[in-house]
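Colleague: One structure is given below, represented as structure tokens, and several questions about it will come after.
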Amino acid sequence: MLLIRLACEISLQRVIPTGCSSIDKQLGGGLLGGRLLLVYGEAETGKTTFAIQCAVNCAKTGFKTFFIDCDGAFFPRRMVQIAAHESKEIGSQIMLMKPETLEQQAVIIDKLNEYISKKVGLIIFDTITSLYSEALGDDKQSVFSLNRQLNRQMAYLAQISRTQKVASLVVGQVRSVMNKYDLVQPVAMRVLKYWADAVIILNPTTEAHVIKATIKTRATQKPSKQIFLKLGEKGLHE
Ligand SMILES: Nc1ncnc2c1ncn2[C@@H]1O[C@H](COP(=O)(O)OP(=O)(O)OP(=O)(O)O)[C@@H](O)[C@H]1O
Ligand SMILES: [Mg+2]
């Protein structure tokens with residue numbers, strides 16, 4: 001009986017294709033309902049493009065997206081390019097919010113549970129740490145309380161994802177590190193990685209518009225083999 005219920009729950013799990021089949025394969029089909037995915041990488045590696053692309057694909061599967069644009073980087077023109085001829089219908093499935101402070105971001109997260117209906121398939125935060133970094137820049141003394149606040153926001157987001165069976169995609173900024181293994185790490189790395197079920201790292205390559213993606217999931221822990229993607233007008237694709 002338990003096995004049948006488990007099988008039903010698995011088969012009912014929502015899956016949103018990312019638009020990159022190699023990434024989907026690593027993630028177990030795409031963005032999974034109930035799971036939180038962290039995407040980070042250097043500037044202009046296609047993080048926002050990837051997020052918009054996932055929102056477009058979510059609409060194509062018949063579900064709405066909450067797109068929380070903390071960077072002011074969601075340009076309708078970019079969405080139209082990616083969605084192509086379906087952009088009108090797809091646009092109406094994306095609900096955009098633009099917090100201007102970390103407190104406003106916290107209010108959005110606290111209220112998400114009220115807004116979410118069965119029609120919502122995806123929650124996107126692009127970038128979850130930009131308002132945190134702004135607040136940190138004003139007052140370096142408050143790093144402890146800001147980390148606590150960010151941790152609380154991530155915990156709540158992960159909980160909403162799980163209980164509502166909605167996929168979450170969180171974009172992180174990076175900072176340079178002098179580490180033999182990694183050249184960059186996400187800002188507030190421990191907090192973000194702790195709550196993520198899977199992580200995608202986007203790196204530039206020497207070739208223009210070619211991006212290298214590496215994926216780590218909680219289940220495998222090991223980084224995937226490198227996936228090379230092309231960043232262009234239609235988005236980020238193999
Ligand atoms: N219409 C387009 N045609 C071709 N390439 C485009 C187009 N729009 C954007 N790009 C490419 O995407 C890159 C920016 O991608 P995007 O904004 O998704 O990166 P990002 O990682 O979110 O950057 P940031 O770190 O600044 O937030 C541009 O540098 C450009 O190479
Ligand atoms: Mg961006």
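Ordered as shown in the structure tokens, chains take letters A, B, and onward, while each chain numbers its residues from 1 and ligands are numbered from 1 in the order shown.
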Which polymer residues have any atom within 12 Å of an atom of Ser133 in chain A, counting only C-alpha atoms, with same-chain residues fewer than 2 positions away left out, as a list in words?
Modeller: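 Skipping anything fewer than 2 positions along the chain leaves Cys70, Asp71, Thr101, Leu102, Thr127, Ile128, Thr129, Ser130, Leu131, Ala135, Leu136, Gly137, Asp138, Asp139, Lys140, Ser142, Val143, Leu146, Asn147, Leu150, Gly172, Gln173, Val174, Arg175, Pro186, Val187 and Ala188 of chain A.
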Colleague: For the residues selected in the previous step, produce a file with N, CA and C atoms as a PDB file, in the first residue's frame.
Modeller:
ATOM      1  N   CYS A  70      14.651  40.700  -8.093  1.00  0.00           N
ATOM      2  CA  CYS A  70      15.317  41.592  -7.124  1.00  0.00           C
ATOM      3  C   CYS A  70      16.379  42.441  -7.815  1.00  0.00           C
ATOM      4  N   ASP A  71      16.746  42.104  -9.058  1.00  0.00           N
ATOM      5  CA  ASP A  71      17.813  42.817  -9.774  1.00  0.00           C
ATOM      6  C   ASP A  71      17.267  43.829 -10.780  1.00  0.00           C
ATOM      7  N   THR A 101      13.941  46.245  -1.164  1.00  0.00           N
ATOM      8  CA  THR A 101      14.776  46.091   0.035  1.00  0.00           C
ATOM      9  C   THR A 101      14.684  44.641   0.502  1.00  0.00           C
ATOM     10  N   LEU A 102      15.616  44.272   1.381  1.00  0.00           N
ATOM     11  CA  LEU A 102      15.593  42.892   1.908  1.00  0.00           C
ATOM     12  C   LEU A 102      14.322  42.663   2.733  1.00  0.00           C
ATOM     13  N   THR A 127      18.028  38.121  -8.121  1.00  0.00           N
ATOM     14  CA  THR A 127      18.958  37.249  -7.424  1.00  0.00           C
ATOM     15  C   THR A 127      18.625  37.298  -5.943  1.00  0.00           C
ATOM     16  N   ILE A 128      18.649  36.185  -5.264  1.00  0.00           N
ATOM     17  CA  ILE A 128      18.195  36.153  -3.867  1.00  0.00           C
ATOM     18  C   ILE A 128      19.114  36.946  -2.935  1.00  0.00           C
ATOM     19  N   THR A 129      20.407  37.134  -3.349  1.00  0.00           N
ATOM     20  CA  THR A 129      21.338  37.813  -2.437  1.00  0.00           C
ATOM     21  C   THR A 129      21.642  39.265  -2.816  1.00  0.00           C
ATOM     22  N   SER A 130      20.994  39.803  -3.868  1.00  0.00           N
ATOM     23  CA  SER A 130      21.398  41.171  -4.245  1.00  0.00           C
ATOM     24  C   SER A 130      20.946  42.206  -3.210  1.00  0.00           C
ATOM     25  N   LEU A 131      19.744  42.054  -2.657  1.00  0.00           N
ATOM     26  CA  LEU A 131      19.279  43.019  -1.650  1.00  0.00           C
ATOM     27  C   LEU A 131      19.972  42.771  -0.305  1.00  0.00           C
ATOM     28  N   ALA A 135      22.196  45.560   1.664  1.00  0.00           N
ATOM     29  CA  ALA A 135      22.031  45.846   3.090  1.00  0.00           C
ATOM     30  C   ALA A 135      23.366  45.682   3.813  1.00  0.00           C
ATOM     31  N   LEU A 136      24.124  44.695   3.398  1.00  0.00           N
ATOM     32  CA  LEU A 136      25.431  44.420   4.010  1.00  0.00           C
ATOM     33  C   LEU A 136      26.404  45.561   3.722  1.00  0.00           C
ATOM     34  N   GLY A 137      26.307  46.094   2.521  1.00  0.00           N
ATOM     35  CA  GLY A 137      27.176  47.198   2.120  1.00  0.00           C
ATOM     36  C   GLY A 137      26.963  48.424   2.988  1.00  0.00           C
ATOM     37  N   ASP A 138      25.716  48.633   3.420  1.00  0.00           N
ATOM     38  CA  ASP A 138      25.409  49.798   4.253  1.00  0.00           C
ATOM     39  C   ASP A 138      25.981  49.658   5.657  1.00  0.00           C
ATOM     40  N   ASP A 139      26.016  48.417   6.156  1.00  0.00           N
ATOM     41  CA  ASP A 139      26.364  48.230   7.565  1.00  0.00           C
ATOM     42  C   ASP A 139      27.043  46.872   7.749  1.00  0.00           C
ATOM     43  N   LYS A 140      28.341  46.861   7.712  1.00  0.00           N
ATOM     44  CA  LYS A 140      29.095  45.610   7.807  1.00  0.00           C
ATOM     45  C   LYS A 140      28.918  44.939   9.177  1.00  0.00           C
ATOM     46  N   SER A 142      26.269  44.260  10.695  1.00  0.00           N
ATOM     47  CA  SER A 142      25.058  43.460  10.853  1.00  0.00           C
ATOM     48  C   SER A 142      25.103  42.130  10.099  1.00  0.00           C
ATOM     49  N   VAL A 143      26.308  41.672   9.738  1.00  0.00           N
ATOM     50  CA  VAL A 143      26.412  40.450   8.945  1.00  0.00           C
ATOM     51  C   VAL A 143      25.704  39.262   9.609  1.00  0.00           C
ATOM     52  N   LEU A 146      21.913  39.743   9.290  1.00  0.00           N
ATOM     53  CA  LEU A 146      21.501  39.616   7.883  1.00  0.00           C
ATOM     54  C   LEU A 146      21.566  38.160   7.419  1.00  0.00           C
ATOM     55  N   ASN A 147      22.613  37.450   7.871  1.00  0.00           N
ATOM     56  CA  ASN A 147      22.712  36.024   7.527  1.00  0.00           C
ATOM     57  C   ASN A 147      21.543  35.257   8.116  1.00  0.00           C
ATOM     58  N   LEU A 150      18.501  36.012   5.983  1.00  0.00           N
ATOM     59  CA  LEU A 150      18.543  35.292   4.698  1.00  0.00           C
ATOM     60  C   LEU A 150      18.270  33.806   4.914  1.00  0.00           C
ATOM     61  N   GLY A 172      21.951  32.912  -7.478  1.00  0.00           N
ATOM     62  CA  GLY A 172      22.911  33.498  -6.528  1.00  0.00           C
ATOM     63  C   GLY A 172      23.974  34.311  -7.237  1.00  0.00           C
ATOM     64  N   GLN A 173      24.449  35.357  -6.551  1.00  0.00           N
ATOM     65  CA  GLN A 173      25.597  36.121  -7.068  1.00  0.00           C
ATOM     66  C   GLN A 173      26.864  35.389  -6.664  1.00  0.00           C
ATOM     67  N   VAL A 174      27.977  35.768  -7.236  1.00  0.00           N
ATOM     68  CA  VAL A 174      29.228  35.133  -6.811  1.00  0.00           C
ATOM     69  C   VAL A 174      30.246  36.162  -6.338  1.00  0.00           C
ATOM     70  N   ARG A 175      31.219  35.655  -5.587  1.00  0.00           N
ATOM     71  CA  ARG A 175      32.377  36.476  -5.228  1.00  0.00           C
ATOM     72  C   ARG A 175      33.605  35.625  -5.546  1.00  0.00           C
ATOM     73  N   PRO A 186      29.224  31.293  -4.360  1.00  0.00           N
ATOM     74  CA  PRO A 186      28.097  32.217  -4.204  1.00  0.00           C
ATOM     75  C   PRO A 186      28.218  33.029  -2.916  1.00  0.00           C
ATOM     76  N   VAL A 187      27.713  34.247  -2.961  1.00  0.00           N
ATOM     77  CA  VAL A 187      27.608  35.064  -1.761  1.00  0.00           C
ATOM     78  C   VAL A 187      26.705  34.308  -0.783  1.00  0.00           C
ATOM     79  N   ALA A 188      27.058  34.340   0.489  1.00  0.00           N
ATOM     80  CA  ALA A 188      26.297  33.619   1.523  1.00  0.00           C
ATOM     81  C   ALA A 188      26.195  32.130   1.167  1.00  0.00           C
TER      82      ALA A 188
END
Colleague: Write out as a tab-separated table a residue-level contact list of chain A versus ligand 1 with cut-off 7 Å: for each qualifying residue the closest pair of atoms and the distance in Å to one decimal, counting only C-alpha atoms and all ligand atoms, rows sorted by chain and residue number upward.
Modeller:
residue	atom	partner	partner_atom_place_in_ligand_line	distance
A:Gly41	CA	ligand 1	21 (O)	6.5
A:Glu42	CA	ligand 1	25 (O)	5.8
A:Ala43	CA	ligand 1	25 (O)	3.2
A:Glu44	CA	ligand 1	23 (O)	3.4
A:Thr45	CA	ligand 1	21 (O)	3.9
A:Gly46	CA	ligand 1	18 (O)	3.3
A:Lys47	CA	ligand 1	21 (O)	3.8
A:Thr48	CA	ligand 1	22 (O)	3.7
A:Thr49	CA	ligand 1	18 (O)	3.6
A:Phe50	CA	ligand 1	18 (O)	6.4
A:Arg78	CA	ligand 1	8 (N)	6.5
A:Gln81	CA	ligand 1	1 (N)	6.9
A:Gln173	CA	ligand 1	25 (O)	6.9
A:His209	CA	ligand 1	31 (O)	5.7
A:Leu231	CA	ligand 1	11 (C)	5.8
A:Gly232	CA	ligand 1	4 (C)	3.8
A:Glu233	CA	ligand 1	3 (N)	3.3
Colleague: Near Glu86 in chain A, counting only C-alpha atoms, which residues have an atom at most 12 Å away, once you skip same-chain residues fewer than 6 positions from it, shown as a PyMOL selection string?
Modeller: chain A and resi 56-57+59-60+79-80+92-93
Colleague: Grab the residues selected above and save them as a PDB file, in the first residue's frame with N, CA, C and O atoms.
Modeller:
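result-v7.pdb written:
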ATOM      1  N   VAL A  56       9.143  30.365 -18.853  1.00  0.00           N
ATOM      2  CA  VAL A  56       8.449  30.139 -20.136  1.00  0.00           C
ATOM      3  C   VAL A  56       8.038  28.669 -20.256  1.00  0.00           C
ATOM      4  O   VAL A  56       6.901  28.345 -20.598  1.00  0.00           O
ATOM      5  N   ASN A  57       8.959  27.766 -19.906  1.00  0.00           N
ATOM      6  CA  ASN A  57       8.655  26.329 -19.999  1.00  0.00           C
ATOM      7  C   ASN A  57       7.604  25.914 -18.978  1.00  0.00           C
ATOM      8  O   ASN A  57       6.803  25.014 -19.239  1.00  0.00           O
ATOM      9  N   ALA A  59       5.129  27.809 -18.039  1.00  0.00           N
ATOM     10  CA  ALA A  59       3.853  28.221 -18.652  1.00  0.00           C
ATOM     11  C   ALA A  59       3.422  27.211 -19.715  1.00  0.00           C
ATOM     12  O   ALA A  59       2.241  26.887 -19.833  1.00  0.00           O
ATOM     13  N   LYS A  60       4.400  26.691 -20.455  1.00  0.00           N
ATOM     14  CA  LYS A  60       4.076  25.706 -21.510  1.00  0.00           C
ATOM     15  C   LYS A  60       3.528  24.412 -20.915  1.00  0.00           C
ATOM     16  O   LYS A  60       2.822  23.668 -21.587  1.00  0.00           O
ATOM     17  N   MET A  79      11.836  38.054 -22.536  1.00  0.00           N
ATOM     18  CA  MET A  79      10.866  36.952 -22.408  1.00  0.00           C
ATOM     19  C   MET A  79      10.210  36.678 -23.769  1.00  0.00           C
ATOM     20  O   MET A  79      10.046  35.525 -24.166  1.00  0.00           O
ATOM     21  N   VAL A  80       9.888  37.762 -24.484  1.00  0.00           N
ATOM     22  CA  VAL A  80       9.241  37.613 -25.802  1.00  0.00           C
ATOM     23  C   VAL A  80      10.174  36.880 -26.771  1.00  0.00           C
ATOM     24  O   VAL A  80       9.748  36.011 -27.519  1.00  0.00           O
ATOM     25  N   SER A  92       1.135  36.089 -19.668  1.00  0.00           N
ATOM     26  CA  SER A  92       0.052  36.179 -18.679  1.00  0.00           C
ATOM     27  C   SER A  92       0.184  35.124 -17.577  1.00  0.00           C
ATOM     28  O   SER A  92      -0.522  35.177 -16.583  1.00  0.00           O
ATOM     29  N   GLN A  93       1.103  34.185 -17.762  1.00  0.00           N
ATOM     30  CA  GLN A  93       1.316  33.128 -16.761  1.00  0.00           C
ATOM     31  C   GLN A  93       2.478  33.460 -15.814  1.00  0.00           C
ATOM     32  O   GLN A  93       2.794  32.670 -14.942  1.00  0.00           O
TER      33      GLN A  93
END
Colleague: Out of range 139-170 of chain A, which residues get strand (DSSP E) from DSSP, as a PDB file with all heavy atoms, in the first residue's frame?
Modeller:
ATOM      1  N   ALA A 167       8.181  23.888  -7.576  1.00  0.00           N
ATOM      2  CA  ALA A 167       9.632  23.982  -7.767  1.00  0.00           C
ATOM      3  C   ALA A 167      10.097  25.408  -7.443  1.00  0.00           C
ATOM      4  O   ALA A 167       9.370  26.362  -7.710  1.00  0.00           O
ATOM      5  CB  ALA A 167       9.974  23.647  -9.214  1.00  0.00           C
ATOM      6  N   SER A 168      11.295  25.530  -6.862  1.00  0.00           N
ATOM      7  CA  SER A 168      11.877  26.857  -6.634  1.00  0.00           C
ATOM      8  C   SER A 168      13.226  26.944  -7.331  1.00  0.00           C
ATOM      9  O   SER A 168      14.003  25.990  -7.289  1.00  0.00           O
ATOM     10  CB  SER A 168      12.091  27.115  -5.141  1.00  0.00           C
ATOM     11  OG  SER A 168      10.874  27.328  -4.509  1.00  0.00           O
ATOM     12  N   LEU A 169      13.468  28.092  -7.939  1.00  0.00           N
ATOM     13  CA  LEU A 169      14.752  28.341  -8.589  1.00  0.00           C
ATOM     14  C   LEU A 169      15.313  29.624  -7.990  1.00  0.00           C
ATOM     15  O   LEU A 169      14.689  30.686  -8.081  1.00  0.00           O
ATOM     16  CB  LEU A 169      14.545  28.485 -10.092  1.00  0.00           C
ATOM     17  CG  LEU A 169      15.751  28.463 -11.024  1.00  0.00           C
ATOM     18  CD1 LEU A 169      15.288  28.353 -12.462  1.00  0.00           C
ATOM     19  CD2 LEU A 169      16.651  29.660 -10.886  1.00  0.00           C
ATOM     20  N   VAL A 170      16.463  29.495  -7.355  1.00  0.00           N
ATOM     21  CA  VAL A 170      17.075  30.630  -6.678  1.00  0.00           C
ATOM     22  C   VAL A 170      18.380  30.959  -7.387  1.00  0.00           C
ATOM     23  O   VAL A 170      19.225  30.082  -7.553  1.00  0.00           O
ATOM     24  CB  VAL A 170      17.321  30.236  -5.195  1.00  0.00           C
ATOM     25  CG1 VAL A 170      18.272  31.184  -4.529  1.00  0.00           C
ATOM     26  CG2 VAL A 170      16.009  30.160  -4.433  1.00  0.00           C
TER      27      VAL A 170
END
Colleague: Which one is closest to ligand 2: A:Val171, A:Ile215, A:Val191, A:Met97? Count only C-alpha atoms and all ligand atoms.
Modeller: A:Val171
Colleague: Using only C-alpha atoms and all ligand atoms, which of A:Ile23, A:Val39, A:Ala213, A:Ala73 sits nearest ligand 2?
Modeller: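 So, comparing all the options, the nearest one is A:Ala73.
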Colleague: For Ser22 in chain A, list every protein, DNA or RNA residue within 12 Å, evaluated using only C-alpha atoms, and leave out those in the same chain fewer than 5 positions away; present the list as a list of chain:residue names.
Modeller: A:Pro17, A:Leu27, A:Gly28, A:Gly29, A:Gly30, A:Ile200, A:Lys212, A:Ala213, A:Thr214, A:Ile215, A:Ser224, A:Lys225, A:Gln226, A:Ile227, A:Phe228, A:Leu229, A:Leu236, A:His237, A:Glu238
Colleague: Can I get the selected residues back with C-alpha atoms, as an mmCIF file, in the first residue's frame?
Modeller:
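result39.cif written:
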data_model
loop_
_atom_site.group_PDB
_atom_site.id
_atom_site.type_symbol
_atom_site.label_atom_id
_atom_site.label_comp_id
_atom_site.auth_asym_id
_atom_site.auth_seq_id
_atom_site.Cartn_x
_atom_site.Cartn_y
_atom_site.Cartn_z
ATOM 1 C CA PRO A 17 11.922 21.146 -18.495
ATOM 2 C CA LEU A 27 18.104 16.887 -12.312
ATOM 3 C CA GLY A 28 15.851 13.861 -12.771
ATOM 4 C CA GLY A 29 13.737 15.309 -15.602
ATOM 5 C CA GLY A 30 13.932 19.063 -15.011
ATOM 6 C CA ILE A 200 23.981 24.481 -11.161
ATOM 7 C CA LYS A 212 29.998 25.585 -19.165
ATOM 8 C CA ALA A 213 27.497 24.143 -16.691
ATOM 9 C CA THR A 214 28.240 21.781 -13.818
ATOM 10 C CA ILE A 215 25.515 20.236 -11.692
ATOM 11 C CA SER A 224 28.354 16.142 -13.050
ATOM 12 C CA LYS A 225 30.520 16.118 -16.144
ATOM 13 C CA GLN A 226 30.724 19.497 -17.834
ATOM 14 C CA ILE A 227 27.848 20.500 -20.081
ATOM 15 C CA PHE A 228 28.501 23.080 -22.791
ATOM 16 C CA LEU A 229 25.671 25.459 -23.627
ATOM 17 C CA LEU A 236 20.554 28.941 -23.085
ATOM 18 C CA HIS A 237 20.614 25.679 -25.034
ATOM 19 C CA GLU A 238 22.836 22.777 -26.008
#
Colleague: Phe74 in chain A: which residues within 10 Å, counting only C-alpha atoms, same-chain residues fewer than 6 positions away excluded, as a PyMOL selection string?
Modeller: chain A and resi 48-49+51-52+67-68+96-98+126
Colleague: What does the structure give for the distance between CA of Arg148 in chain A and CA of Met189 in chain A, in Å to one decimal?
Modeller: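 Here the two named atoms are 13.1 Å from each other.
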Colleague: Write down as a PyMOL selection string the residues belonging to range 24-125 of chain A that are assigned alpha helix (DSSP H) by DSSP computed on the backbone.
Modeller: chain A and resi 24-27+47-60+76-83+87-91+102-115
Colleague: Restricted to C-alpha atoms, what would the selected residues look like written as a CSV table (one decimal), in the first residue's frame?
Modeller:
chain,number,residue,atom,x,y,z
A,24,ASP,CA,17.2,17.9,-17.2
A,25,LYS,CA,18.8,14.5,-17.2
A,26,GLN,CA,21.0,15.4,-14.2
A,27,LEU,CA,18.1,16.9,-12.3
A,47,LYS,CA,21.5,33.1,-15.1
A,48,THR,CA,18.6,35.4,-15.8
A,49,THR,CA,18.2,34.0,-19.2
A,50,PHE,CA,18.0,30.5,-17.7
A,51,ALA,CA,15.4,31.7,-15.1
A,52,ILE,CA,13.2,33.3,-17.8
A,53,GLN,CA,13.5,30.2,-19.9
A,54,CYS,CA,12.3,28.0,-17.0
A,55,ALA,CA,9.4,30.4,-16.4
A,56,VAL,CA,8.4,30.1,-20.1
A,57,ASN,CA,8.7,26.3,-20.0
A,58,CYS,CA,6.6,26.3,-16.8
A,59,ALA,CA,3.9,28.2,-18.7
A,60,LYS,CA,4.1,25.7,-21.5
A,76,PRO,CA,9.6,41.7,-21.2
A,77,ARG,CA,11.5,41.9,-24.5
A,78,ARG,CA,13.8,39.1,-23.4
A,79,MET,CA,10.9,37.0,-22.4
A,80,VAL,CA,9.2,37.6,-25.8
A,81,GLN,CA,12.4,36.5,-27.6
A,82,ILE,CA,12.5,33.3,-25.6
A,83,ALA,CA,8.8,32.5,-25.8
A,87,SER,CA,4.7,35.1,-25.8
A,88,LYS,CA,1.3,36.7,-25.2
A,89,GLU,CA,-0.2,33.6,-23.5
A,90,ILE,CA,3.0,32.9,-21.7
A,91,GLY,CA,3.4,36.4,-20.4
A,102,LEU,CA,15.6,42.9,1.9
A,103,GLU,CA,12.6,43.6,4.1
A,104,GLN,CA,10.3,43.8,1.1
A,105,GLN,CA,11.8,40.5,-0.1
A,106,ALA,CA,11.0,39.0,3.4
A,107,VAL,CA,7.4,40.2,3.2
A,108,ILE,CA,7.0,38.5,-0.3
A,109,ILE,CA,8.4,35.2,1.1
A,110,ASP,CA,6.2,35.4,4.2
A,111,LYS,CA,3.1,36.0,2.0
A,112,LEU,CA,3.9,33.4,-0.7
A,113,ASN,CA,1.9,30.7,1.0
A,114,GLU,CA,-1.3,32.9,0.7
A,115,TYR,CA,-0.7,33.7,-3.0
Colleague: Quick one: of A:Leu202, A:Ile16, A:Leu31, A:Ala158, who's nearest to ligand 2, counting only C-alpha atoms and all ligand atoms?
Modeller: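 Smallest distance to ligand 2 is found for A:Leu202.
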Colleague: Work out how far atom 1 (Mg, counted along the ligand's line) of ligand 2 is from CA of Phe63 in chain A, in Å to one decimal.
Modeller: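 Interatomic distance here is 22.9 Å.
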Colleague: Provide the CA of Gly121 in chain A to CA of Val166 in chain A distance in Å, to one decimal place.
Modeller: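 According to the coordinates, CA of Gly121 in chain A and CA of Val166 in chain A are separated by 5.1 Å.
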